[in-house]
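Below is the file start-v2.txt, which contains compact mmCIF, C-alpha atoms and all ligand atoms.
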# COMPACT_ATOMS: atom_id res chain seq x y z
CA MET A 1 78.24 87.15 110.42
CA ILE A 2 80.06 90.10 108.82
CA ARG A 3 78.29 92.63 106.65
CA LEU A 4 79.70 95.80 105.15
CA GLU A 5 77.34 98.20 103.41
CA HIS A 6 78.88 100.94 101.28
CA VAL A 7 81.81 101.33 103.63
CA SER A 8 84.41 104.02 102.98
CA LYS A 9 87.31 105.15 105.11
CA THR A 10 89.24 108.35 104.57
CA TYR A 11 92.13 108.99 106.93
CA GLU A 12 92.66 112.41 108.45
CA ALA A 13 95.48 113.01 106.02
CA GLY A 14 92.91 112.82 103.21
CA VAL A 15 93.94 109.36 102.04
CA GLN A 16 90.91 107.37 100.93
CA ALA A 17 91.91 103.85 101.97
CA VAL A 18 88.58 102.05 101.47
CA THR A 19 85.95 103.09 98.94
CA ASP A 20 82.32 101.96 98.91
CA VAL A 21 82.95 98.37 99.97
CA SER A 22 79.90 96.13 100.38
CA LEU A 23 80.29 92.49 101.24
CA HIS A 24 78.83 89.66 103.27
CA ILE A 25 80.73 86.89 104.99
CA ALA A 26 78.49 84.10 106.27
CA PRO A 27 78.97 82.22 109.56
CA GLY A 28 81.53 79.45 109.12
CA GLU A 29 83.11 80.83 105.95
CA PHE A 30 86.85 80.91 105.23
CA VAL A 31 87.70 83.97 103.17
CA PHE A 32 90.96 85.30 101.76
CA ILE A 33 91.38 89.02 101.22
CA VAL A 34 94.11 89.77 98.71
CA GLY A 35 95.46 92.91 97.13
CA ASP A 36 98.65 94.88 96.62
CA SER A 37 100.36 96.64 99.48
CA GLY A 38 98.48 99.83 100.31
CA SER A 39 95.19 98.60 98.86
CA GLY A 40 93.31 98.93 102.17
CA LYS A 41 93.40 95.38 103.58
CA SER A 42 94.65 96.31 107.05
CA THR A 43 92.24 99.22 107.13
CA LEU A 44 89.39 96.74 106.58
CA ILE A 45 90.65 94.59 109.46
CA LYS A 46 90.88 97.66 111.73
CA LEU A 47 87.34 98.65 110.79
CA LEU A 48 86.11 95.17 111.74
CA LEU A 49 87.89 95.44 115.10
CA LYS A 50 86.44 98.91 115.62
CA GLU A 51 89.95 100.28 115.94
CA LEU A 52 88.76 102.68 113.26
CA ASN A 53 85.31 103.98 112.41
CA PRO A 54 84.19 104.21 108.80
CA THR A 55 83.77 107.63 107.24
CA HIS A 56 80.67 106.33 105.47
CA GLY A 57 78.64 103.16 105.52
CA LYS A 58 77.57 100.49 107.93
CA ILE A 59 79.42 97.54 109.46
CA ILE A 60 77.51 94.73 111.14
CA VAL A 61 79.39 91.95 112.91
CA GLY A 62 77.61 89.08 114.64
CA GLY A 63 74.34 91.00 114.38
CA LYS A 64 75.83 94.12 116.01
CA ASP A 65 75.95 97.46 114.26
CA LEU A 66 79.44 98.68 115.17
CA GLU A 67 78.27 102.29 115.12
CA LYS A 68 76.08 101.52 118.12
CA ILE A 69 78.90 100.13 120.24
CA ASN A 70 80.24 102.78 122.58
CA ARG A 71 83.77 103.05 123.93
CA ARG A 72 82.90 101.21 127.14
CA GLN A 73 81.44 98.28 125.19
CA ILE A 74 84.41 97.84 122.84
CA PRO A 75 86.36 95.33 125.00
CA ARG A 76 83.33 93.08 125.20
CA TYR A 77 82.78 93.35 121.45
CA ARG A 78 86.42 92.40 120.73
CA ARG A 79 86.08 89.22 122.77
CA ASN A 80 84.03 87.87 119.92
CA VAL A 81 86.67 88.69 117.34
CA GLY A 82 90.06 87.03 117.61
CA VAL A 83 92.92 88.61 115.69
CA VAL A 84 96.46 87.70 114.68
CA PHE A 85 99.09 89.82 112.97
CA GLN A 86 102.21 89.37 110.86
CA ASN A 87 104.51 90.25 113.76
CA PHE A 88 102.85 87.98 116.38
CA ARG A 89 102.70 90.69 119.10
CA LEU A 90 103.51 88.38 122.00
CA LEU A 91 104.57 89.49 125.47
CA GLN A 92 108.31 88.85 125.28
CA ASP A 93 108.88 88.49 129.02
CA ARG A 94 106.15 85.89 129.52
CA ASN A 95 106.15 82.26 128.55
CA VAL A 96 103.78 80.55 126.14
CA TYR A 97 101.31 79.57 128.84
CA GLU A 98 101.24 83.09 130.29
CA ASN A 99 100.81 84.71 126.89
CA VAL A 100 97.65 82.69 126.32
CA ALA A 101 96.41 82.88 129.92
CA PHE A 102 96.79 86.67 129.77
CA ALA A 103 93.94 86.93 127.26
CA MET A 104 91.68 85.18 129.76
CA ARG A 105 92.91 87.18 132.75
CA VAL A 106 92.06 90.49 131.10
CA ILE A 107 88.45 89.40 130.81
CA GLU A 108 88.58 88.17 134.42
CA ALA A 109 87.90 84.54 133.56
CA PRO A 110 87.79 82.25 136.61
CA LYS A 111 91.13 80.63 137.50
CA LYS A 112 89.77 77.14 137.06
CA ASP A 113 88.67 77.99 133.50
CA ILE A 114 92.13 79.32 132.71
CA LYS A 115 93.75 76.14 134.05
CA ARG A 116 91.47 74.02 131.95
CA LYS A 117 91.37 75.98 128.71
CA VAL A 118 94.96 77.13 128.20
CA PRO A 119 96.40 73.58 127.97
CA THR A 120 93.54 72.53 125.70
CA ILE A 121 94.08 75.34 123.24
CA LEU A 122 97.88 74.85 123.32
CA SER A 123 97.34 71.21 122.36
CA LEU A 124 95.08 72.28 119.53
CA VAL A 125 97.84 74.45 118.04
CA GLY A 126 100.46 71.75 118.67
CA LEU A 127 102.38 73.54 121.41
CA ALA A 128 101.49 71.58 124.53
CA ALA A 129 105.11 70.58 125.07
CA LYS A 130 106.43 74.14 124.90
CA TYR A 131 104.18 75.84 127.38
CA ARG A 132 107.11 77.09 129.47
CA SER A 133 109.17 78.52 126.59
CA LEU A 134 109.64 82.23 126.10
CA PRO A 135 108.73 83.68 122.68
CA LYS A 136 112.41 84.19 121.77
CA GLN A 137 113.01 80.46 122.27
CA LEU A 138 110.45 79.61 119.59
CA SER A 139 110.53 79.57 115.79
CA GLY A 140 108.43 82.13 113.94
CA GLY A 141 105.86 79.46 113.14
CA GLU A 142 105.62 78.48 116.80
CA GLN A 143 105.25 82.12 117.84
CA GLN A 144 102.39 82.52 115.42
CA ARG A 145 100.76 79.40 116.90
CA VAL A 146 100.92 81.04 120.32
CA ALA A 147 99.31 84.15 118.88
CA ILE A 148 96.57 82.00 117.33
CA ALA A 149 96.02 80.18 120.63
CA ARG A 150 95.74 83.52 122.40
CA ALA A 151 93.26 84.77 119.79
CA LEU A 152 91.11 81.66 120.21
CA VAL A 153 91.20 80.97 123.92
CA ASN A 154 88.13 83.09 124.64
CA GLU A 155 86.25 81.23 121.88
CA PRO A 156 85.51 84.05 119.46
CA LYS A 157 83.12 83.35 116.61
CA ILE A 158 85.41 85.14 114.16
CA LEU A 159 89.17 85.00 113.63
CA LEU A 160 90.83 87.78 111.62
CA ALA A 161 94.40 87.29 110.43
CA ASP A 162 96.34 90.17 108.85
CA GLU A 163 99.22 88.67 106.82
CA PRO A 164 99.70 85.89 109.40
CA THR A 165 102.41 84.19 107.33
CA GLY A 166 104.22 87.34 106.23
CA ASN A 167 107.21 86.70 108.50
CA LEU A 168 107.40 82.94 108.02
CA ASP A 169 109.30 80.64 105.69
CA ASN A 170 107.28 78.56 103.30
CA ARG A 171 107.05 75.45 105.45
CA ASN A 172 105.93 77.29 108.58
CA ALA A 173 103.57 79.41 106.53
CA TRP A 174 101.86 76.28 105.22
CA GLU A 175 101.54 74.88 108.72
CA ILE A 176 99.84 78.08 109.85
CA MET A 177 97.47 78.05 106.87
CA LYS A 178 96.56 74.43 107.62
CA LEU A 179 95.91 75.34 111.24
CA LEU A 180 93.66 78.24 110.21
CA ASP A 181 91.76 75.86 107.93
CA GLU A 182 91.35 73.38 110.81
CA ILE A 183 90.07 76.15 113.07
CA ASN A 184 87.56 77.07 110.39
CA GLN A 185 86.44 73.45 110.12
CA ARG A 186 85.73 73.51 113.84
CA GLY A 187 83.22 76.28 113.15
CA THR A 188 85.05 79.61 113.49
CA THR A 189 84.57 82.13 110.69
CA VAL A 190 88.08 82.91 109.39
CA VAL A 191 89.21 85.94 107.37
CA VAL A 192 92.81 85.87 106.17
CA VAL A 193 94.59 88.79 104.54
CA THR A 194 97.52 87.54 102.51
CA HIS A 195 99.98 88.33 99.77
CA ASN A 196 100.81 84.73 99.08
CA MET A 197 98.98 83.71 95.93
CA ASP A 198 100.32 80.14 96.15
CA PHE A 199 98.19 79.53 99.25
CA VAL A 200 95.22 81.26 97.74
CA LYS A 201 95.36 79.16 94.58
CA THR A 202 95.90 75.88 96.39
CA MET A 203 93.38 76.22 99.20
CA ASN A 204 90.35 76.77 97.01
CA LYS A 205 88.47 79.24 99.23
CA ARG A 206 86.50 82.38 98.57
CA VAL A 207 88.85 85.17 97.51
CA ILE A 208 88.01 88.87 97.79
CA THR A 209 90.41 91.03 95.81
CA ILE A 210 90.79 94.69 96.62
CA LYS A 211 92.57 97.27 94.56
CA LYS A 212 93.06 100.84 95.74
CA GLY A 213 90.34 100.41 98.35
CA VAL A 214 87.75 98.93 95.98
CA VAL A 215 86.56 95.32 95.83
CA VAL A 216 87.34 94.35 92.25
CA ASP A 217 86.72 90.62 92.49
CA ASP A 218 84.94 88.17 94.80
CA GLN A 219 85.06 84.53 93.77
CA GLY A 220 84.71 81.03 95.08
CA GLY A 221 83.12 79.80 98.28
CA GLU A 222 79.42 79.15 98.76
CA GLU A 223 76.89 81.35 97.04
CA ILE A 224 75.00 83.44 99.59
P1 LIG B 301 97.31 97.29 103.09
O1 LIG B 301 97.10 96.64 104.41
O2 LIG B 301 96.49 96.70 101.98
O3 LIG B 301 98.76 97.34 102.71
P2 LIG B 301 96.44 99.72 104.44
O4 LIG B 301 95.03 99.49 104.80
O5 LIG B 301 97.46 99.60 105.50
O6 LIG B 301 96.82 98.81 103.18
O7 LIG B 301 96.58 101.18 103.82
C1 LIG B 301 95.70 101.66 102.80
C2 LIG B 301 96.08 103.11 102.47
O8 LIG B 301 95.82 103.92 103.60
C3 LIG B 301 97.52 103.32 102.12
O9 LIG B 301 97.59 104.31 101.13
C4 LIG B 301 98.13 103.78 103.42
O10 LIG B 301 99.26 104.58 103.19
C5 LIG B 301 97.01 104.59 104.00
N1 LIG B 301 97.02 104.62 105.49
C6 LIG B 301 97.04 103.54 106.32
N2 LIG B 301 97.02 103.94 107.61
C7 LIG B 301 96.97 105.30 107.59
C8 LIG B 301 96.90 106.32 108.61
N3 LIG B 301 96.89 106.00 109.90
N4 LIG B 301 96.88 107.60 108.22
C9 LIG B 301 96.90 107.94 106.91
N5 LIG B 301 96.93 107.04 105.90
C10 LIG B 301 96.98 105.73 106.23
MG MG B 302 98.41 95.66 105.64
Here is the file; what I need is its structure written in the form of C-alpha cells.
Amino acid sequence: MIRLEHVSKTYEAGVQAVTDVSLHIAPGEFVFIVGDSGSGKSTLIKLLLKELNPTHGKIIVGGKDLEKINRRQIPRYRRNVGVVFQNFRLLQDRNVYENVAFAMRVIEAPKKDIKRKVPTILSLVGLAAKYRSLPKQLSGGEQQRVAIARALVNEPKILLADEPTGNLDNRNAWEIMKLLDEINQRGTTVVVVTHNMDFVKTMNKRVITIKKGVVVDDQGGEEI
C-alpha cells in the first residue's frame, strides 16, 4: 500500500529532514510513527501527500509511483489519501455538515451522494446530532471527529494523521485513538504520528521510530 525506498529529503535551507528511509506498510495495517520533535515525522507525511518531493528515493502509494504523478493529477491522487492534523483545520464559518460536504463538493460529487454520505459518516464518528454546529461550538475532540469525517467521506484507502491528539485532553485523545482503530478495522490503512507513548504502549500496534530522520526501530504488527 505504501512503500518507501531509500527516501531522503533535504530542504532548501540544507536541513536533511529524512535520511535513507525504506519501509513498507501493507494494506489494512495500523502503524504508529513516533520520534522526538524535529525528527522528520511531518516531513514523511508531506512526502506521502506529495506536498513535498523527495530529494532521493522512490515513494509508491497504492501502486502509484509518486514521481510519475504530475501537478494536474495531484488532486485525484490525494482523494485516495485522507489526512488529519493536530489543529483540525476546519472551515470556521461553516457548520459540521458543510465542513464534511465541502470535501465532496470539491471533487464534484453528485448532490444525492453528498446527501446520503455526509450523514452516514457523521454517524460513524458520533456527531450525527451536531451537524448544524459551528466548529467553535464544539470541543476539541468533536472538532477532530469532524476533521476525521471530512478525511474519510470520499472513502480513501489510506488515512494519515499527524499528531491528531496533540491538542486534546487525555479523555478526548483516547476517544480519537479508538475511532482511528475502528476505522482501521473497517479496512482503511491508518498511519498515526504521535508523541503520546501511553497510547503507543497500550494499543499494541506496529511502531516505527524515527530519530533525526532515520528509522531506528520498527516493531510489532504483522510480519511482511
Ligand atoms: P517532526 O514532525 O518530527 O517534528 P519535521 O518533519 O517537521 O519534524 O521537521 C524535520 C526537520 O526539518 C526539522 O529540523 C525541521 O526544522 C526541518 N524543517 C521542516 N520543515 C522545513 C522547511 N520547510 N524548511 C526547512 N527546514 C524544515
Ligand atoms: Mg511534526
Any chance you could tabulate, as a tab-separated table, the residues of chain A at most 8 Å from ligand MG 302 (chain B) with each one's nearest atom pair and distance in Å to one decimal, using all atoms listed in the file, in chain and rising number order?
residue	atom	partner	partner_atom	distance
A:Ser37	CA	B:MG302	MG	6.5
A:Gly38	CA	B:MG302	MG	6.8
A:Gly40	CA	B:MG302	MG	7.0
A:Lys41	CA	B:MG302	MG	5.4
A:Ser42	CA	B:MG302	MG	4.1
A:Thr43	CA	B:MG302	MG	7.3
A:Asp162	CA	B:MG302	MG	6.7
A:Glu163	CA	B:MG302	MG	7.1
A:Val193	CA	B:MG302	MG	7.9
(request) Give as a PyMOL selection string each residue that has an atom at most 12 Å from (82.8, 87.2, 113.1) in the file, counting only C-alpha atoms. (result) chain A and resi 1-3+24-31+45+48-49+59-64+77-83+155-161+184+187-191
(request) Could you check how far atom C1 of ligand LIG 301 (chain B) sits from CA of Ser39 in chain A, in Å to one decimal? (result)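 Going from atom C1 of ligand LIG 301 (chain B) over to CA of Ser39 in chain A, I get 5.0 Å.
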(request) Tell me, in Å to one decimal, how far CA of Asn53 in chain A is from CA of Leu23 in chain A. (result)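 Going from CA of Asn53 in chain A over to CA of Leu23 in chain A covers 16.8 Å.
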(request) Tell me which of A:Glu5, A:Asp36, A:Glu67, A:Asp20 sits closest to ligand LIG 301 (chain B), counting only C-alpha atoms and all ligand atoms. (result)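 When distances to ligand LIG 301 (chain B) are compared using only C-alpha atoms and all ligand atoms, the smallest one comes from A:Asp36.
Closest to Asp217 in chain A among A:Ser8, A:Ser22, A:Gln16, A:Gln73 is A:Ser22, based on all atoms listed in the file.
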(request) In Å, rounded to a single decimal, give me how far CA of Asn95 in chain A is from CA of Arg116 in chain A. (result) 17.2 Å
Report, as lines of an AutoDock Vina configuration file, the centre and edge lengths in Å (one decimal) of the axis-aligned box enclosing every listed atom of range 149-162 of chain A, padded by 8 Å on each side.
center_x = 89.7
center_y = 85.2
center_z = 116.7
size_x = 29.2
size_y = 26.0
size_z = 31.8
(message) Let me make sure I understand: among A:Glu108, A:Glu98, A:Glu51, A:Asp93, which one has the smallest atom-to-atom distance to Lys136 in chain A if we use all atoms listed in the file?
(response)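 Using all atoms listed in the file, Lys136 in chain A sits closest to A:Asp93.
With only C-alpha atoms as the atoms that count, the residue of A:Gly140, A:His195, A:Arg145, A:Ile114 with the shortest distance to Asp169 in chain A is A:Gly140.
Distance check against Arg89 in chain A using only C-alpha atoms: of A:Val146, A:Ile33, A:Val18, A:Val214, the minimum falls on A:Val146.
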(message) Measuring between all atoms listed in the file, which one of A:Ile121, A:Leu47, A:Val7, A:Leu138 shows the shortest distance to ligand LIG 301 (chain B)?
(response) A:Leu47
(request) For Arg206 in chain A, list every protein, DNA or RNA residue within 6 Å, evaluated using only C-alpha atoms, and leave out those in the same chain fewer than 3 positions away; present the list as an MDAnalysis selection string. (result) chainID A and resid 31 219:221
(request) Within 10 Å of Phe88 in chain A, counting all atoms listed in the file, which residues show up once you throw out same-chain ones fewer than 4 positions away? Write them as a PyMOL selection string, please. (result) chain A and resi 83-84+135+140-148+164-165+167
Could you write out that same residue set with C-alpha atoms as a short mmCIF file (atom, residue, chain, number, x, y, z; two decimals), in the coordinates of the input?
data_model
loop_
_atom_site.label_atom_id
_atom_site.label_comp_id
_atom_site.auth_asym_id
_atom_site.auth_seq_id
_atom_site.Cartn_x
_atom_site.Cartn_y
_atom_site.Cartn_z
CA VAL A 83 92.92 88.61 115.69
CA VAL A 84 96.46 87.70 114.68
CA PRO A 135 108.73 83.68 122.68
CA GLY A 140 108.43 82.13 113.94
CA GLY A 141 105.86 79.46 113.14
CA GLU A 142 105.62 78.48 116.80
CA GLN A 143 105.25 82.12 117.84
CA GLN A 144 102.39 82.52 115.42
CA ARG A 145 100.76 79.40 116.90
CA VAL A 146 100.92 81.04 120.32
CA ALA A 147 99.31 84.15 118.88
CA ILE A 148 96.57 82.00 117.33
CA PRO A 164 99.70 85.89 109.40
CA THR A 165 102.41 84.19 107.33
CA ASN A 167 107.21 86.70 108.50
#
Filled-in N, CA and C atoms of range 186-209 of chain A, supplied as a compact mmCIF listing (two decimals), in the frame of the given file:
# COMPACT_ATOMS: atom_id res chain seq x y z
N ARG A 186 86.36 73.67 112.53
CA ARG A 186 85.73 73.51 113.84
C ARG A 186 84.62 74.54 114.06
N GLY A 187 84.40 75.42 113.08
CA GLY A 187 83.22 76.28 113.15
C GLY A 187 83.49 77.77 113.22
N THR A 188 84.75 78.18 113.41
CA THR A 188 85.05 79.61 113.49
C THR A 188 85.07 80.22 112.08
N THR A 189 84.48 81.38 111.94
CA THR A 189 84.57 82.13 110.69
C THR A 189 85.98 82.72 110.60
N VAL A 190 86.68 82.49 109.49
CA VAL A 190 88.08 82.91 109.39
C VAL A 190 88.27 83.83 108.18
N VAL A 191 88.90 84.97 108.43
CA VAL A 191 89.21 85.94 107.37
C VAL A 191 90.72 86.14 107.36
N VAL A 192 91.35 85.81 106.25
CA VAL A 192 92.81 85.87 106.17
C VAL A 192 93.25 86.84 105.08
N VAL A 193 93.95 87.88 105.49
CA VAL A 193 94.59 88.79 104.54
C VAL A 193 95.94 88.20 104.17
N THR A 194 96.22 88.09 102.90
CA THR A 194 97.52 87.54 102.51
C THR A 194 98.01 88.09 101.18
N HIS A 195 99.32 88.00 101.02
CA HIS A 195 99.98 88.33 99.77
C HIS A 195 100.27 87.08 98.96
N ASN A 196 100.26 85.95 99.68
CA ASN A 196 100.81 84.73 99.08
C ASN A 196 99.81 84.03 98.17
N MET A 197 99.95 84.25 96.88
CA MET A 197 98.98 83.71 95.93
C MET A 197 99.08 82.19 95.80
N ASP A 198 100.22 81.61 96.19
CA ASP A 198 100.32 80.14 96.15
C ASP A 198 99.28 79.51 97.07
N PHE A 199 99.18 80.05 98.29
CA PHE A 199 98.19 79.53 99.25
C PHE A 199 96.79 79.72 98.70
N VAL A 200 96.57 80.92 98.19
CA VAL A 200 95.22 81.26 97.74
C VAL A 200 94.79 80.32 96.63
N LYS A 201 95.70 80.04 95.71
CA LYS A 201 95.36 79.16 94.58
C LYS A 201 95.14 77.73 95.05
N THR A 202 95.96 77.28 95.99
CA THR A 202 95.90 75.88 96.39
C THR A 202 94.72 75.58 97.30
N MET A 203 94.35 76.54 98.14
CA MET A 203 93.38 76.22 99.20
C MET A 203 91.92 76.27 98.74
N ASN A 204 91.68 76.88 97.60
CA ASN A 204 90.35 76.77 97.01
C ASN A 204 89.23 77.33 97.90
N LYS A 205 89.45 78.56 98.37
CA LYS A 205 88.47 79.24 99.23
C LYS A 205 87.92 80.46 98.49
N ARG A 206 86.97 81.10 99.11
CA ARG A 206 86.50 82.38 98.57
C ARG A 206 87.63 83.40 98.63
N VAL A 207 87.78 84.18 97.57
CA VAL A 207 88.85 85.17 97.51
C VAL A 207 88.26 86.53 97.15
N ILE A 208 88.44 87.49 98.04
CA ILE A 208 88.01 88.87 97.79
C ILE A 208 89.25 89.67 97.43
N THR A 209 89.25 90.26 96.25
CA THR A 209 90.41 91.03 95.81
C THR A 209 90.10 92.50 95.92
